[in-house]
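Participant: To start, I am sharing the structure in question, which I have written as structure tokens.
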Amino acid sequence: MTKRKTIPHKMDDGYFDLNIPYTTAIEKGKHPVTKRKTRIKLVTKLIELGYTGIAYNHSIKATAVSDSDSCSISLAPLSSILTLSPNLFASVKFHRDLLRVPLDTPFRQYTRLTVSVDSLIQAASLNSGNPVLKSYDLVAVKPLNQHVFDHVCKVAVVDLIAIDFSEKLPFRLNLPIVKAAMKRGIYFEITYSHLVADVQTRRQMILNAKVREFTSCYKGLSD
């Protein structure tokens with residue numbers, strides 16, 4: 001079983017991409033070597049752009065959680081990255097200077113499991129005793145209704161709550177519930193890339209409205 005790493009309580013020491021999809025070769029019908037090379041190229045590009053950390057994300061549905069979902073993610077070897085990009089140091093220095101990130105900040109790789117949950121019975125499996133969850137560095141949950149959202153904010157043992165603003169939210173972002181999650185050290189991951197990519201005014205208005213609704217929940221959190 002993989003020992004969980006210590007995740008920074010405040011990820012303010014750099015820039016992270018915690019959602020690098022990690023699917024098996026069988027799911028995509030590709031040779032494992034090809035997929036590994038693709039991941040290394042992606043990680044190399046993120047390092048060049050000044051990022052200080054990533055997480056490989058394996059997504060599943062709670063109804064399908066089994067021992068086979070225990071972490072088997074392979075981290076990208078730094079030696080391979082240096083071979084692919086001999087001028088890496090100069091690029092890293094340039095971008096980290098722009099981002100005001102210290103050059104000596106280490107680049108970290110994490111493993112992540114994201115579980116989509118649509119019932120309280122499924123949500124109950126998100127606990128500290130679950131061996132599958134323990135095998136990952138980060139555990140995220142995607143709530144699919146109001147009851148599950150309220151439960152995971154108040155009780156579930158997770159690091160992230162994933163919210164996709166490109167879809168109609170199946171729950172309301174009530175301030176007391178959001179505060180309960182944040183007081184427990186849980187982060188909210190906001191996905192809205194599909195809306196940003198679409199230049200239609202109507203969708204942009206939807207995005208703005210949803211972002212305002214969510215950010216308004218944070219008012220008074222530090223009071």
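Chain identifiers are assigned as A, B, and so on, following the order in which chains appear in the structure tokens; residues are numbered from 1 within each chain, and ligands are numbered from 1 in order of appearance.
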Excluding same-chain residues fewer than 5 positions from range 153-167 of chain A, what lies within 6 Å of it counting only C-alpha atoms, as a PyMOL selection string?
Facilitator: chain A and resi 126-127+139-142+180-181+186-192+194-195
Participant: Set the distance at 10 Å and use only C-alpha atoms: which residues neighbour Thr44 in chain A once local chain neighbours fewer than 6 positions away are removed? I'd like the list as a PDB file with N, CA and C atoms, in the first residue's frame.
Facilitator:
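Contents of part-v5.pdb, freshly written:
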```
ATOM      1  N   THR A  38       3.389   9.906 -23.362  1.00  0.00           N
ATOM      2  CA  THR A  38       2.507  11.069 -23.436  1.00  0.00           C
ATOM      3  C   THR A  38       2.444  11.789 -22.099  1.00  0.00           C
ATOM      4  N   TYR A  51       5.264  25.234 -13.093  1.00  0.00           N
ATOM      5  CA  TYR A  51       4.430  24.562 -12.095  1.00  0.00           C
ATOM      6  C   TYR A  51       5.307  23.914 -11.027  1.00  0.00           C
ATOM      7  N   ALA A  76       6.185   9.993 -13.018  1.00  0.00           N
ATOM      8  CA  ALA A  76       7.146  10.234 -14.096  1.00  0.00           C
ATOM      9  C   ALA A  76       8.546  10.388 -13.506  1.00  0.00           C
ATOM     10  N   LEU A  78      12.158  11.765 -13.043  1.00  0.00           N
ATOM     11  CA  LEU A  78      12.787  13.035 -13.399  1.00  0.00           C
ATOM     12  C   LEU A  78      13.922  12.848 -14.394  1.00  0.00           C
ATOM     13  N   SER A  80      14.004  10.875 -16.944  1.00  0.00           N
ATOM     14  CA  SER A  80      13.435  10.844 -18.290  1.00  0.00           C
ATOM     15  C   SER A  80      13.054  12.242 -18.748  1.00  0.00           C
ATOM     16  N   ILE A  81      12.558  13.047 -17.818  1.00  0.00           N
ATOM     17  CA  ILE A  81      12.157  14.409 -18.154  1.00  0.00           C
ATOM     18  C   ILE A  81      13.366  15.237 -18.567  1.00  0.00           C
ATOM     19  N   LEU A  82      14.466  15.092 -17.851  1.00  0.00           N
ATOM     20  CA  LEU A  82      15.678  15.835 -18.187  1.00  0.00           C
ATOM     21  C   LEU A  82      16.227  15.416 -19.547  1.00  0.00           C
ATOM     22  N   LEU A  84      14.382  14.326 -22.107  1.00  0.00           N
ATOM     23  CA  LEU A  84      13.497  14.856 -23.140  1.00  0.00           C
ATOM     24  C   LEU A  84      13.690  16.353 -23.353  1.00  0.00           C
ATOM     25  N   SER A  85      14.080  17.048 -22.299  1.00  0.00           N
ATOM     26  CA  SER A  85      14.189  18.502 -22.392  1.00  0.00           C
ATOM     27  C   SER A  85      15.507  18.974 -21.784  1.00  0.00           C
ATOM     28  N   LEU A  88      15.711  22.393 -20.047  1.00  0.00           N
ATOM     29  CA  LEU A  88      14.624  22.549 -19.084  1.00  0.00           C
ATOM     30  C   LEU A  88      14.917  23.634 -18.052  1.00  0.00           C
TER      31      LEU A  88
END
```
Participant: Considering only C-alpha atoms, can you say which of A:Pro102, A:Pro131, A:Gly185, A:Pro86 comes closest to Ser68 in chain A?
Facilitator: A:Pro131
Participant: At a cut-off of 12 Å, using only C-alpha atoms, what residues contact Ile177 in chain A? Leave out same-chain residues fewer than 3 positions from it and give the result as a PyMOL selection string.
Facilitator: chain A and resi 146-155+171-174+180-184+186+214+217-218+221
Participant: Can you list, as a PyMOL selection string, every protein, DNA or RNA residue that comes within 8 Å of Gln109 in chain A when you count only C-alpha atoms, leaving out same-chain residues fewer than 4 positions away?
Facilitator: chain A and resi 53-56+75
Participant: Just to be explicit: take each residue in the selection above, keep N, CA and C atoms, and write the result as an mmCIF file, in the first residue's frame.
Facilitator:
```cif
data_model
loop_
_atom_site.group_PDB
_atom_site.id
_atom_site.type_symbol
_atom_site.label_atom_id
_atom_site.label_comp_id
_atom_site.auth_asym_id
_atom_site.auth_seq_id
_atom_site.Cartn_x
_atom_site.Cartn_y
_atom_site.Cartn_z
ATOM 1 N N GLY A 53 3.822 21.439 -8.890
ATOM 2 C CA GLY A 53 3.252 20.159 -8.496
ATOM 3 C C GLY A 53 2.108 19.729 -9.386
ATOM 4 N N ILE A 54 1.898 18.423 -9.451
ATOM 5 C CA ILE A 54 0.793 17.855 -10.218
ATOM 6 C C ILE A 54 0.220 16.668 -9.452
ATOM 7 N N ALA A 55 -0.967 16.247 -9.871
ATOM 8 C CA ALA A 55 -1.550 15.014 -9.343
ATOM 9 C C ALA A 55 -2.145 14.237 -10.507
ATOM 10 N N TYR A 56 -1.806 12.956 -10.585
ATOM 11 C CA TYR A 56 -2.398 12.070 -11.588
ATOM 12 C C TYR A 56 -3.744 11.600 -11.044
ATOM 13 N N LEU A 75 4.697 7.324 -11.142
ATOM 14 C CA LEU A 75 5.114 8.710 -11.281
ATOM 15 C C LEU A 75 6.158 8.843 -12.388
#
```
Participant: Which residues are near Ile60 in chain A? Cut-off 8 Å, only C-alpha atoms, ignore same chain within fewer than 5 positions. Put them as a PyMOL selection string.
Facilitator: chain A and resi 65+113-116
Participant: How would the residues just picked look written out with N, CA and C atoms as a tab-separated table (two decimals), in the first residue's frame?
Facilitator:
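File produced: out37.tsv:
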```tsv
chain	number	residue	atom	x	y	z
A	65	VAL	N	-16.22	0.89	-6.63
A	65	VAL	CA	-14.98	0.88	-5.86
A	65	VAL	C	-14.66	-0.54	-5.42
A	113	LEU	N	-7.40	10.09	-6.40
A	113	LEU	CA	-8.60	9.33	-6.75
A	113	LEU	C	-9.79	10.26	-6.65
A	114	THR	N	-10.61	10.31	-7.71
A	114	THR	CA	-11.84	11.09	-7.68
A	114	THR	C	-13.03	10.14	-7.77
A	115	VAL	N	-13.93	10.23	-6.80
A	115	VAL	CA	-15.07	9.33	-6.72
A	115	VAL	C	-16.36	10.12	-6.94
A	116	SER	N	-17.16	9.71	-7.92
A	116	SER	CA	-18.48	10.30	-8.14
A	116	SER	C	-19.48	9.58	-7.26
```
